[in-house]
Amino acid sequence: MIEIRHLKKEYPDATPLRDVNADIRDGDVIAVIGPSGTGKSTLLRCLNLLERPTDGSIRIDGDDILDPGCNVNLIRRKLGMVFQSFNLFGHLTAIENIMKPQIDLLGRSRQEAYDRGIELLGRVGLANMALKYPDELSGGQKQRVAIARALAMDPEIILFDEPTSALDPAMIGEVQAVIRDLARAGKTMMIVTHEMSFARSISNRVFYMDDGGIYEEGTPEQIFANPQKELTRRFIYKLKVLDIEIEDSSFDFPSVCSGIADYCSKNQIPPKTAMRIQLVFEELVQQILIPELTDVHLRFKAEYSEADESTEITVAYGGNAVDPEATDNRLSLTLVKSAVSDLRCESVQGDPLSNRISMRIRS
Ligand SMILES: Nc1ncnc2c1ncn2[C@@H]1O[C@H](COP(=O)(O)OP(=O)(O)OP(=O)(O)O)[C@@H](O)[C@H]1O
Ligand SMILES: [Mg+2]
């Protein structure tokens, strides 16, 4: 129903969307996640023409909404938007806020707009709040009025931009419940959110945005339980990454050690884990591996997951393969094995650093 092709949005200092391609189908509930500044809001704002895309096309039921002849109000009706900050008119009551766009944009009579407004206020659990002004409502209630206002336009899709992030924790649930209810009723929705368990439980598709577009997309199961691409993994598992490259054997050993120490303290890695990461570098890389290499070129990578406090270490290096288990340096090997589990060696074709040793720090 909505086809996005090669969508680009450029600002003078940033290009949040370089090349976005997606198809949104009727009944889809799409959770849009990703780090701050990756263009999630920009994408929604482009869809609803609050921003003019720099390039590309957006087709709704075949019509390109970026065509200059396109009726902007008609498009905005088809793509309702709910903002973090509610955007209600302060001088109008809840019901008047919901009636106004129906009268102005859809040409409904006051009675029709009122009847529909009352019905929708009931649907979001605010039947008795029709005559309240926004100032007299809680944040959660205001957001539910804003959702009712969007629904009143009978949009084909509702775009939510962090609908609960301005709310007190106690009110998040009531707004999420309304959105969940809409999902169950088959409403097509796109929801930008930083609440991962909500994103996971409500959606049938997840867009992970990064690096200028939809970097990885999949079912909630795929994205949250088994993300495939590097940046998605870092985001989902809250990975803190240390990546050190060493290009000759006379590298500055103390400065690498202090780099590891800085990384551990900056990311609040538990002291025992920090000590073990340091030990792997000293005993495995410095004592076992480097003496065996004719040409030293290696990368030492640690990925600490804030989500489950686990740490994976990978040492990738070029040239001849070295089996640490076969080393004569039994003392270093014993120390390494006391610090890590699941020590494995593999070779990766097509990478100049084709030998890998991976392991998990013992917890
Ligand atoms: N009107 C604007 N003028 C200039 N730059 C903008 C404008 N709007 C957004 N940007 C820039 O575009 C980038 C993407 O912003 P956007 O608000 O879409 O990110 P986001 O993914 O929604 O982030 P957050 O999770 O923090 O809401 C940022 O670098 C931002 O500074
Ligand atoms: Mg945003």
# chains A, B, ... in the order shown; residues from 1 in each chain; ligands from 1
>>> residues_near_ligand(ligand="ligand 1", cutoff="9 Å", atoms="only C-alpha atoms and all ligand atoms", output="ChimeraX atom specification")
/A:9-17,33-45,51,161-162,192-194,209-210
>>> write_last_selection(atoms="N, CA and C atoms", output="mmCIF file, in the first residue's frame")
data_model
loop_
_atom_site.group_PDB
_atom_site.id
_atom_site.type_symbol
_atom_site.label_atom_id
_atom_site.label_comp_id
_atom_site.auth_asym_id
_atom_site.auth_seq_id
_atom_site.Cartn_x
_atom_site.Cartn_y
_atom_site.Cartn_z
ATOM 1 N N LYS A 9 16.827 12.296 2.416
ATOM 2 C CA LYS A 9 16.588 13.602 3.031
ATOM 3 C C LYS A 9 17.925 14.152 3.498
ATOM 4 N N GLU A 10 18.220 15.304 2.961
ATOM 5 C CA GLU A 10 19.501 15.939 3.229
ATOM 6 C C GLU A 10 19.238 17.256 3.924
ATOM 7 N N TYR A 11 19.941 17.504 5.014
ATOM 8 C CA TYR A 11 19.948 18.842 5.623
ATOM 9 C C TYR A 11 21.331 19.427 5.371
ATOM 10 N N PRO A 12 21.501 20.719 5.595
ATOM 11 C CA PRO A 12 22.827 21.286 5.335
ATOM 12 C C PRO A 12 23.945 20.545 6.079
ATOM 13 N N ASP A 13 23.670 20.133 7.325
ATOM 14 C CA ASP A 13 24.745 19.505 8.107
ATOM 15 C C ASP A 13 24.593 18.002 8.299
ATOM 16 N N ALA A 14 23.542 17.420 7.784
ATOM 17 C CA ALA A 14 23.331 15.987 8.027
ATOM 18 C C ALA A 14 22.476 15.397 6.907
ATOM 19 N N THR A 15 22.742 14.130 6.613
ATOM 20 C CA THR A 15 21.890 13.415 5.652
ATOM 21 C C THR A 15 21.357 12.187 6.370
ATOM 22 N N PRO A 16 20.295 12.365 7.173
ATOM 23 C CA PRO A 16 19.832 11.221 7.961
ATOM 24 C C PRO A 16 19.310 10.079 7.087
ATOM 25 N N LEU A 17 18.712 10.414 5.941
ATOM 26 C CA LEU A 17 18.207 9.343 5.080
ATOM 27 C C LEU A 17 18.947 9.396 3.745
ATOM 28 N N ILE A 33 13.092 1.271 15.248
ATOM 29 C CA ILE A 33 14.031 1.442 16.362
ATOM 30 C C ILE A 33 15.386 1.878 15.827
ATOM 31 N N GLY A 34 16.247 2.298 16.720
ATOM 32 C CA GLY A 34 17.600 2.670 16.303
ATOM 33 C C GLY A 34 18.149 3.769 17.184
ATOM 34 N N PRO A 35 19.467 3.975 17.113
ATOM 35 C CA PRO A 35 20.080 5.005 17.952
ATOM 36 C C PRO A 35 19.550 6.400 17.631
ATOM 37 N N SER A 36 19.780 7.306 18.544
ATOM 38 C CA SER A 36 19.344 8.689 18.356
ATOM 39 C C SER A 36 20.039 9.303 17.137
ATOM 40 N N GLY A 37 19.277 10.081 16.380
ATOM 41 C CA GLY A 37 19.878 10.792 15.247
ATOM 42 C C GLY A 37 19.990 9.987 13.968
ATOM 43 N N THR A 38 19.352 8.820 13.914
ATOM 44 C CA THR A 38 19.483 7.991 12.719
ATOM 45 C C THR A 38 18.333 8.188 11.725
ATOM 46 N N GLY A 39 17.507 9.213 11.965
ATOM 47 C CA GLY A 39 16.511 9.567 10.957
ATOM 48 C C GLY A 39 15.143 8.935 11.138
ATOM 49 N N LYS A 40 14.848 8.410 12.329
ATOM 50 C CA LYS A 40 13.549 7.783 12.539
ATOM 51 C C LYS A 40 12.420 8.811 12.412
ATOM 52 N N SER A 41 12.583 9.944 13.134
ATOM 53 C CA SER A 41 11.560 10.994 13.045
ATOM 54 C C SER A 41 11.526 11.569 11.637
ATOM 55 N N THR A 42 12.701 11.738 11.057
ATOM 56 C CA THR A 42 12.755 12.305 9.710
ATOM 57 C C THR A 42 11.968 11.432 8.734
ATOM 58 N N LEU A 43 12.104 10.112 8.869
ATOM 59 C CA LEU A 43 11.365 9.227 7.970
ATOM 60 C C LEU A 43 9.858 9.434 8.117
ATOM 61 N N LEU A 44 9.382 9.454 9.367
ATOM 62 C CA LEU A 44 7.953 9.655 9.582
ATOM 63 C C LEU A 44 7.506 11.018 9.034
ATOM 64 N N ARG A 45 8.332 12.028 9.282
ATOM 65 C CA ARG A 45 7.966 13.380 8.842
ATOM 66 C C ARG A 45 7.964 13.496 7.323
ATOM 67 N N GLU A 51 8.112 17.130 6.175
ATOM 68 C CA GLU A 51 9.411 17.458 5.583
ATOM 69 C C GLU A 51 9.337 17.090 4.117
ATOM 70 N N ASP A 161 5.377 8.910 16.637
ATOM 71 C CA ASP A 161 6.775 9.235 16.912
ATOM 72 C C ASP A 161 7.002 9.303 18.418
ATOM 73 N N GLU A 162 7.531 8.247 18.981
ATOM 74 C CA GLU A 162 7.790 8.127 20.417
ATOM 75 C C GLU A 162 6.585 8.579 21.240
ATOM 76 N N VAL A 192 7.671 4.678 16.107
ATOM 77 C CA VAL A 192 9.058 4.887 16.537
ATOM 78 C C VAL A 192 9.067 4.802 18.052
ATOM 79 N N THR A 193 9.907 3.944 18.585
ATOM 80 C CA THR A 193 9.942 3.835 20.040
ATOM 81 C C THR A 193 11.315 3.404 20.521
ATOM 82 N N HIS A 194 11.640 3.838 21.739
ATOM 83 C CA HIS A 194 12.871 3.380 22.380
ATOM 84 C C HIS A 194 12.562 2.299 23.414
ATOM 85 N N MET A 209 16.954 1.294 12.200
ATOM 86 C CA MET A 209 17.517 2.369 11.376
ATOM 87 C C MET A 209 18.906 2.763 11.847
ATOM 88 N N ASP A 210 19.786 2.885 10.871
ATOM 89 C CA ASP A 210 21.164 3.297 11.149
ATOM 90 C C ASP A 210 21.845 3.505 9.800
#
>>> residues_around(residues="A:Met189", least_positions_apart="5", cutoff="6 Å", atoms="only C-alpha atoms", output="compact mmCIF listing (two decimals) with N, CA and C atoms, in the first residue's frame")
# COMPACT_ATOMS: atom_id res chain seq x y z
N VAL A 29 2.18 -3.66 11.45
CA VAL A 29 2.52 -2.84 12.61
C VAL A 29 4.04 -2.86 12.66
N ILE A 157 -2.99 4.82 7.67
CA ILE A 157 -1.89 4.40 8.54
C ILE A 157 -1.70 5.47 9.61
N ILE A 158 -1.34 5.06 10.80
CA ILE A 158 -1.00 6.05 11.83
C ILE A 158 0.49 5.95 12.12
N LEU A 159 1.15 7.10 12.10
CA LEU A 159 2.57 7.17 12.37
C LEU A 159 2.73 7.71 13.79
>>> select_by_dssp(residues="stretch 41-272 of chain A", states="alpha helix (DSSP H)", output="ChimeraX atom specification")
/A:41-47,72-78,94-106,110-123,139-152,169-184,196-202,220,230-236,253-266,271-272
>>> residues_around(residues="A:Asn204", least_positions_apart="6", cutoff="8 Å", atoms="only C-alpha atoms", output="list in words")
Asp28, Val29, Ile30, Thr219 and Pro220 of chain A
>>> write_last_selection(atoms="C-alpha atoms", output="short mmCIF file (atom, residue, chain, number, x, y, z; two decimals), in the first residue's frame")
data_model
loop_
_atom_site.label_atom_id
_atom_site.label_comp_id
_atom_site.auth_asym_id
_atom_site.auth_seq_id
_atom_site.Cartn_x
_atom_site.Cartn_y
_atom_site.Cartn_z
CA ASP A 28 1.43 -4.00 9.19
CA VAL A 29 2.52 -2.84 12.61
CA ILE A 30 6.07 -1.68 12.14
CA THR A 219 10.28 -9.95 12.30
CA PRO A 220 10.56 -8.99 15.97
#
>>> closest_residue(among="A:Val241, A:Asn355, A:Ala94, A:Gln84", to="A:Lys266", atoms="only C-alpha atoms")
A:Val241
>>> atom_distance(atom1="atom CA of A:Asp23", atom2="atom CA of A:Ile75")
17.0 Å
>>> residues_around(residues="A:Asn128", least_positions_apart="3", cutoff="12 Å", atoms="only C-alpha atoms", output="PyMOL selection string")
chain A and resi 94-95+118-125+131-132+137+141+145
>>> atom_distance(atom1="atom CA of A:Val315", atom2="atom CA of A:Phe253")
15.9 Å
>>> residues_around(residues="A:Cys345", least_positions_apart="2", cutoff="7 Å", atoms="only C-alpha atoms", output="MDAnalysis selection string")
chainID A and resid 356:358
>>> atom_distance(atom1="atom CA of A:Asp168", atom2="atom CA of A:Ala146")
16.7 Å
>>> residues_around(residues="A:Asp55", least_positions_apart="5", cutoff="10 Å", atoms="only C-alpha atoms", output="PDB file with C-alpha atoms, in the first residue's frame")
ATOM      1  CA  ARG A   5      11.841   4.046  -3.031  1.00  0.00           C
ATOM      2  CA  HIS A   6      15.293   5.610  -2.809  1.00  0.00           C
ATOM      3  CA  LEU A   7      14.083   8.146  -0.310  1.00  0.00           C
ATOM      4  CA  LYS A   8      16.689  10.697   0.598  1.00  0.00           C
ATOM      5  CA  LYS A   9      16.588  13.602   3.031  1.00  0.00           C
ATOM      6  CA  GLU A  10      19.501  15.939   3.229  1.00  0.00           C
ATOM      7  CA  LEU A  17      18.207   9.343   5.080  1.00  0.00           C
ATOM      8  CA  ARG A  18      20.472   8.345   2.208  1.00  0.00           C
ATOM      9  CA  ASP A  19      18.509   5.608   0.516  1.00  0.00           C
ATOM     10  CA  LEU A  66       5.831  13.836  -3.824  1.00  0.00           C
TER      11      LEU A  66
END
>>> residues_around(residues="A:Ile236", least_positions_apart="2", cutoff="8 Å", atoms="only C-alpha atoms", output="tab-separated table (two decimals) with N, CA and C atoms, in the first residue's frame")
chain	number	residue	atom	x	y	z
A	223	ILE	N	14.92	-9.68	14.66
A	223	ILE	CA	15.71	-8.51	15.03
A	223	ILE	C	16.12	-8.56	16.51
A	224	PHE	N	15.22	-8.97	17.38
A	224	PHE	CA	15.55	-8.92	18.81
A	224	PHE	C	16.27	-10.18	19.30
A	227	PRO	N	19.72	-10.81	15.61
A	227	PRO	CA	20.10	-9.78	14.63
A	227	PRO	C	21.34	-10.23	13.86
A	232	THR	N	23.24	-3.61	14.19
A	232	THR	CA	22.01	-4.06	14.86
A	232	THR	C	22.37	-4.84	16.12
A	233	ARG	N	23.35	-5.72	16.00
A	233	ARG	CA	23.79	-6.51	17.15
A	233	ARG	C	24.26	-5.61	18.29
A	234	ARG	N	25.06	-4.60	17.89
A	234	ARG	CA	25.57	-3.69	18.93
A	234	ARG	C	24.43	-3.00	19.65
A	238	LYS	N	23.23	-4.07	23.29
A	238	LYS	CA	23.91	-2.97	23.99
A	238	LYS	C	25.40	-3.29	24.10
A	239	LEU	N	26.00	-3.53	22.97
A	239	LEU	CA	27.40	-3.93	22.98
A	239	LEU	C	28.32	-2.72	23.09
>>> closest_residue(among="A:Ala199, A:Val206, A:Leu182, A:Ile191", to="ligand 2", atoms="only C-alpha atoms and all ligand atoms")
A:Ile191
>>> closest_residue(among="A:Thr93, A:Ser165, A:Thr294, A:Val340", to="ligand 2", atoms="only C-alpha atoms and all ligand atoms")
A:Ser165
